[in-house]
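Written below as structure tokens is the structure these notes are about.
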Amino acid sequence: MNALHINGNDLTLDDLRAVVYEHRPVLLEPDARLAVDRARALVDAQVAGNRLAYAITTGVGKLSDVRIPTEQIRELQVNLIRSHAVGVGEPLAEADVRAMMLLRANSLAKGFSGVRALVIDMLCEMLNRRLHPVVPARGSVGASGDLAPLAHLVLAMIGEGAVLVAGRDGKYTGGHISGRDALQEAGIKPVTLEAKEAVSLINGTQGMLSVGTLALLAAETLVDSADVIGALSLDALRGTDVAFDARIHQVRPHPGQLHSAANLRSMLEGSEIRKSHRDCGRVQDAYSLRCMPQVHGAVRDTLVHCRRVMETEINSAVDNPLVFISKAPKPGAGDPGGDGDILSGGNFHGEPVAFALDFLAIALSALAGISERRLERLVNPALNEGLPPFLASSAGLNSGFMMAQVTAAALASENKILAHPASVDSIPTSGNKEDYVSMGMTAALKLKQIVTNTRDVLAIEAMAAAQALDFLSPLKTSKRGQAAHEAIRSVSPTVEKDRAMSDDFAKIAHIISSGRLAEVLR
């Protein structure tokens with residue numbers, strides 16, 4: 001596989017996916033290396049001249065007024081990493097950590113952070129060698145960056161902390177070894193951090209951004225899958241496709257609405273079930289069926305907005321202070337640092353990302369909510385258009401999908417609680433120097449759970465819709481609907497009599513997350 005050459009300017013979410021899940025190698029682009037070296041030269045000049053510069057020759061946060069002697073600058077770097085490694089809770093997943101490492105390396109590669117290129121090289125090398133630091137999920141308020149998660153990431157780079165242990169299949173086993181032992185086994189020497197490098201590594205939004213971007217990628221698959229599954233439910237309930245007529249949506253042309261309406265028309269085209277009741281007396285369906293384009297489409301438009309925010313953020317310089325070169329040093333000119341400025345600002349503040357994460361959480365909660373309502377119509381004998389009560393053979397002796405809907409209701413309700421925006425909250429920190437924070441990492445972690453819950457609700461609806469279609473045999477749904485039905489049946493057979501369904505839900509959730517159901521739309 002060809003290596004991805006990062007420069008801090010054009011990383012895409014598809015690149016991220018390839019590195020995180022397909023282990024595409026990562027290297028620093030040569031031109032970016034020159035920019036990184038020029039910025040580093042200015043930092044070295046500041047240190048050599050013993051000039052006052054925040055986080056280079058001073059402490060950080062509330063302690064920014066404390067001057068650090070040159071001979072103690074290396075000690076400051078180690079102290080900063082150790083003192084900020086205060087995370088608690090379960091470790092982030094391997095995928096989240098891989099994303100965090102790539103995103104931090106890419107941001108540093110822009111050449112505005114003042115680190116040495118070897119620091120970026122080490123992040124890349126750890127990625128390429130699959131050395132994934134143990135990063136506790138909780139402890140960040142999302143301003144001054146995700147300090148605690150990133151500090152735990154850096155601990156392994158300096159030969160401390162811990163690294164996840166992968167099994168023979170390359171997946172995390174739940175165990176870990178010390179950072180020093182992991183580096184030694186890989187033949188990598190721990191990095192000795194120089195002036196500014198500690199703060200450059202831990203000041204950034206890459207904690208919330210890593211979890212959030214992976215949640216976004218998963219959500220993009222979920223909304224396509226929801227169109228597929230929703231079409232199966234509508235057909236099984238003998239619904240009409242009139243509400244998806246292109247003319248209706250062209251007079252309210254939200255892009256996502258147009259997209260979902262087109263998907264639903266495609267999914268229902270040629271259905272024998274639809275033809276069998278085309279001239280019946282029912283002229284419109286319930287909102288959970290009729291308004292799928294409007295609801296699913298609004299989710300799509302939210303995803304587009306959030307993707308725009310994420311793509312901007314992953315190619316941004318987000319630490320503090322930032323190094324700006326106005327004139328590169330001339331070889332042999334006696335001025336190794338060149339000209340430029342080191343400016344203190346607030347690009348580490350996570351508010352833009354936090355807002356997007358909260359918005360996405362709200363949207364996905366709606367996607368799960370409308371799915372649960374369709375499921376209710378499939379199983380409720382008062383609403384399911386003559387299907388067996390709770391989709392059970394010999395209802396009464398068998399309970400069918402009665403409790404499956406209860407699980408979906410529990411998940412949909414949990415989403416409603418988790419969808420409360422984290423970004424509306426703030427607790428001042430660092431002696432009130434950091435007096436308004438984003439809570440972006442909290443937003444990301446909540447979103448991750450909402451993605452899982454929404455996937456599981458859709459999986460339950462998919463299983464119920466397949467069961468309902470079985471009861472309508474020999475009538476068949478559309479060609480695309482049959483392909484989706486077959487995909488579901490490949491992992492979950494028809495429920496002939498009551499059985500534990502949890503394994504079925506998990507298997508269907510897997511084919512949803514893999515994109516197998518969404519692929520029916522292609």
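As shown in the structure tokens, the chain order sets the letters A, B, ...; within each chain, residues go from 1, and ligands are also counted from 1 in the order they appear.
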
Q: Within 8 Å of Glu434 (chain A), counting only C-alpha atoms, which residues show up once you throw out same-chain ones fewer than 4 positions away? Write them as an NGL selection string, please.
A: :A and (61 or 143-144 or 428-430)

Could the residues in this selection be saved with C-alpha atoms as a PDB file, in the first residue's frame?
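The file below, part-v9.pdb, is the result:
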ATOM      1  CA  GLY A  61      -1.692  28.325  31.895  1.00  0.00           C
ATOM      2  CA  ALA A 143     -10.082  23.892  25.790  1.00  0.00           C
ATOM      3  CA  SER A 144      -6.360  24.391  25.812  1.00  0.00           C
ATOM      4  CA  PRO A 428     -13.594  27.339  34.592  1.00  0.00           C
ATOM      5  CA  THR A 429     -10.213  25.653  35.030  1.00  0.00           C
ATOM      6  CA  SER A 430      -6.546  26.499  35.579  1.00  0.00           C
TER       7      SER A 430
END

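Excluding Arg82 (chain A) itself and same-chain residues fewer than 6 positions from it, the residues having an atom within 9 Å of it are Ala151, His152 and Leu155 of chain A, counting only C-alpha atoms.
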
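Going from CA of Asp498 (chain A) over to CA of Thr454 (chain A), you cover 24.4 Å.
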
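The shortest atom-to-atom distance to Glu194 (chain A), with only C-alpha atoms taken into account, belongs to A:Ile73 out of A:Ala368, A:Ile73, A:Val406, A:Leu13.
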
Q: Would you mind writing down, as number ranges by chain, each residue of region 140-271 of chain A that DSSP on the backbone assigns to helix (DSSP H, G or I)?
A: A: 147-157, 179-186, 197-202, 206-236, 242-244, 246-250, 255-268

(Q) as a ChimeraX atom specification, please: the residues near Asn79 (chain A) (cut-off 12 Å, only C-alpha atoms, same-chain neighbours under 2 positions excluded). (A) /A:59-60,72-77,81-85,151,154-155,158,193,198-199

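Each of A:Gly230, A:Gly114, A:Gly345, A:Gly256 was compared to Tyr287 (chain A) using only C-alpha atoms, and A:Gly230 turns out to be the nearest.
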
Q.
Measuring between only C-alpha atoms, which one of A:Val43, A:Ala226, A:Ala286, A:Val141 shows the shortest distance to Ser513 (chain A)?
A. A:Ala226

Q: Please provide as a VMD selection string all residues within 6 Å of His485 (chain A), with the sequence filter that same-chain residues fewer than 3 positions apart are discarded (counting only C-alpha atoms).
A: chain A and resid 466 482 488

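Straight-line separation from CA of Asp358 (chain A) to CA of Ile450 (chain A): 10.7 Å.
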
Q.
At a cut-off of 12 Å, using only C-alpha atoms, what residues contact region 238-246 of chain A? Leave out same-chain residues fewer than 6 positions from it and give the result as a PyMOL selection string.
A. chain A and resi 227+230-232+252-253+257-294+297+374+377-378+383-387+465+468-469+472+475-477

Q) What's the 9 Å shell around Ala361 (chain A), counting only C-alpha atoms, without same-chain residues fewer than 4 positions away, as number ranges by chain? A) A: 356-357, 365-366, 415, 418-421, 443-444, 446-448, 450-451

Selection file, all heavy atoms, as a compact mmCIF listing (two decimals), in the first residue's frame:
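Saved file out-v1.txt follows:
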# COMPACT_ATOMS: atom_id res chain seq x y z
N ALA A 356 -20.48 21.04 16.36
CA ALA A 356 -20.77 20.07 15.30
C ALA A 356 -21.09 18.70 15.89
O ALA A 356 -22.02 18.01 15.44
CB ALA A 356 -19.58 19.97 14.35
N LEU A 357 -20.34 18.28 16.91
CA LEU A 357 -20.58 16.99 17.53
C LEU A 357 -21.95 16.94 18.19
O LEU A 357 -22.67 15.93 18.09
CB LEU A 357 -19.49 16.69 18.56
CG LEU A 357 -18.06 16.57 18.01
CD1 LEU A 357 -17.07 16.45 19.17
CD2 LEU A 357 -17.93 15.40 17.06
N SER A 365 -30.06 11.03 16.85
CA SER A 365 -31.13 10.65 17.78
C SER A 365 -32.48 10.66 17.05
O SER A 365 -33.34 9.81 17.31
CB SER A 365 -31.17 11.61 18.97
OG SER A 365 -29.97 11.49 19.72
N ALA A 366 -32.65 11.60 16.13
CA ALA A 366 -33.87 11.61 15.31
C ALA A 366 -33.92 10.41 14.38
O ALA A 366 -34.99 9.81 14.16
CB ALA A 366 -33.94 12.91 14.52
N ASN A 415 -30.75 7.79 23.76
CA ASN A 415 -30.22 8.79 22.84
C ASN A 415 -30.74 10.18 23.16
O ASN A 415 -30.01 11.18 23.05
CB ASN A 415 -30.58 8.44 21.40
CG ASN A 415 -29.68 7.38 20.80
OD1 ASN A 415 -28.74 6.92 21.44
ND2 ASN A 415 -29.96 7.00 19.57
N LEU A 418 -28.70 11.48 25.95
CA LEU A 418 -27.32 11.75 25.53
C LEU A 418 -27.23 12.93 24.57
O LEU A 418 -26.17 13.56 24.45
CB LEU A 418 -26.72 10.51 24.88
CG LEU A 418 -26.48 9.31 25.79
CD1 LEU A 418 -26.06 8.10 24.97
CD2 LEU A 418 -25.44 9.62 26.86
N ALA A 419 -28.32 13.23 23.86
CA ALA A 419 -28.29 14.30 22.87
C ALA A 419 -28.33 15.69 23.49
O ALA A 419 -28.16 16.69 22.77
CB ALA A 419 -29.46 14.15 21.89
N HIS A 420 -28.50 15.78 24.80
CA HIS A 420 -28.40 17.11 25.43
C HIS A 420 -27.02 17.69 25.14
O HIS A 420 -26.01 17.04 25.39
CB HIS A 420 -28.61 17.01 26.94
CG HIS A 420 -28.45 18.33 27.64
ND1 HIS A 420 -29.47 19.24 27.72
CD2 HIS A 420 -27.39 18.89 28.26
CE1 HIS A 420 -29.03 20.32 28.38
NE2 HIS A 420 -27.77 20.12 28.71
N PRO A 421 -26.94 18.89 24.60
CA PRO A 421 -25.63 19.42 24.15
C PRO A 421 -24.64 19.57 25.30
O PRO A 421 -24.93 20.18 26.34
CB PRO A 421 -25.99 20.79 23.56
CG PRO A 421 -27.44 20.70 23.24
CD PRO A 421 -28.05 19.81 24.28
N ALA A 443 -18.82 15.81 24.38
CA ALA A 443 -19.72 15.73 23.23
C ALA A 443 -19.34 14.55 22.33
O ALA A 443 -20.21 13.83 21.83
CB ALA A 443 -19.68 17.03 22.44
N ALA A 444 -18.05 14.34 22.13
CA ALA A 444 -17.59 13.25 21.26
C ALA A 444 -17.92 11.89 21.86
O ALA A 444 -18.38 10.98 21.15
CB ALA A 444 -16.09 13.37 21.04
N LYS A 446 -20.27 11.12 24.04
CA LYS A 446 -21.72 10.91 23.97
C LYS A 446 -22.14 10.51 22.56
O LYS A 446 -22.95 9.62 22.35
CB LYS A 446 -22.48 12.17 24.39
CG LYS A 446 -22.32 12.55 25.84
CD LYS A 446 -23.33 13.59 26.28
CE LYS A 446 -23.32 14.87 25.47
NZ LYS A 446 -24.27 14.90 24.37
N LEU A 447 -21.58 11.21 21.58
CA LEU A 447 -21.91 10.92 20.19
C LEU A 447 -21.55 9.49 19.82
O LEU A 447 -22.30 8.81 19.11
CB LEU A 447 -21.19 11.90 19.28
CG LEU A 447 -21.27 11.63 17.78
CD1 LEU A 447 -22.72 11.65 17.30
CD2 LEU A 447 -20.44 12.64 17.01
N LYS A 448 -20.41 9.03 20.29
CA LYS A 448 -19.98 7.66 19.99
C LYS A 448 -21.02 6.65 20.47
O LYS A 448 -21.35 5.69 19.76
CB LYS A 448 -18.62 7.38 20.63
CG LYS A 448 -18.03 6.04 20.26
CD LYS A 448 -16.63 5.88 20.84
CE LYS A 448 -16.01 4.55 20.41
NZ LYS A 448 -14.63 4.40 20.93
N ILE A 450 -24.21 7.29 20.94
CA ILE A 450 -25.42 7.48 20.13
C ILE A 450 -25.29 6.77 18.80
O ILE A 450 -26.26 6.18 18.29
CB ILE A 450 -25.70 8.99 19.94
CG1 ILE A 450 -26.21 9.59 21.25
CG2 ILE A 450 -26.70 9.25 18.81
CD1 ILE A 450 -26.36 11.10 21.23
N VAL A 451 -24.11 6.80 18.20
CA VAL A 451 -23.88 6.06 16.95
C VAL A 451 -24.15 4.57 17.17
O VAL A 451 -24.84 3.93 16.37
CB VAL A 451 -22.45 6.29 16.44
CG1 VAL A 451 -22.11 5.29 15.33
CG2 VAL A 451 -22.28 7.71 15.92

Q: Could you please write out, as a PyMOL selection string, every residue of region 129-314 of chain A that DSSP assigns to strand (DSSP E)?
A: chain A and resi 136-138+162-166+172-178

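Among the candidates A:Pro321, A:Gly179, A:Gly87, A:Pro190, the residue lying nearest to Val115 (chain A) is A:Pro321 (atoms considered: only C-alpha atoms).
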
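Interatomic distance, CA of Asp224 (chain A) against CA of Ile508 (chain A): 14.8 Å.
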
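If you measure from each of A:Lys196, A:Arg308, A:Arg116, A:Arg129 to Val36 (chain A) using only C-alpha atoms, the closest one turns out to be A:Arg116.
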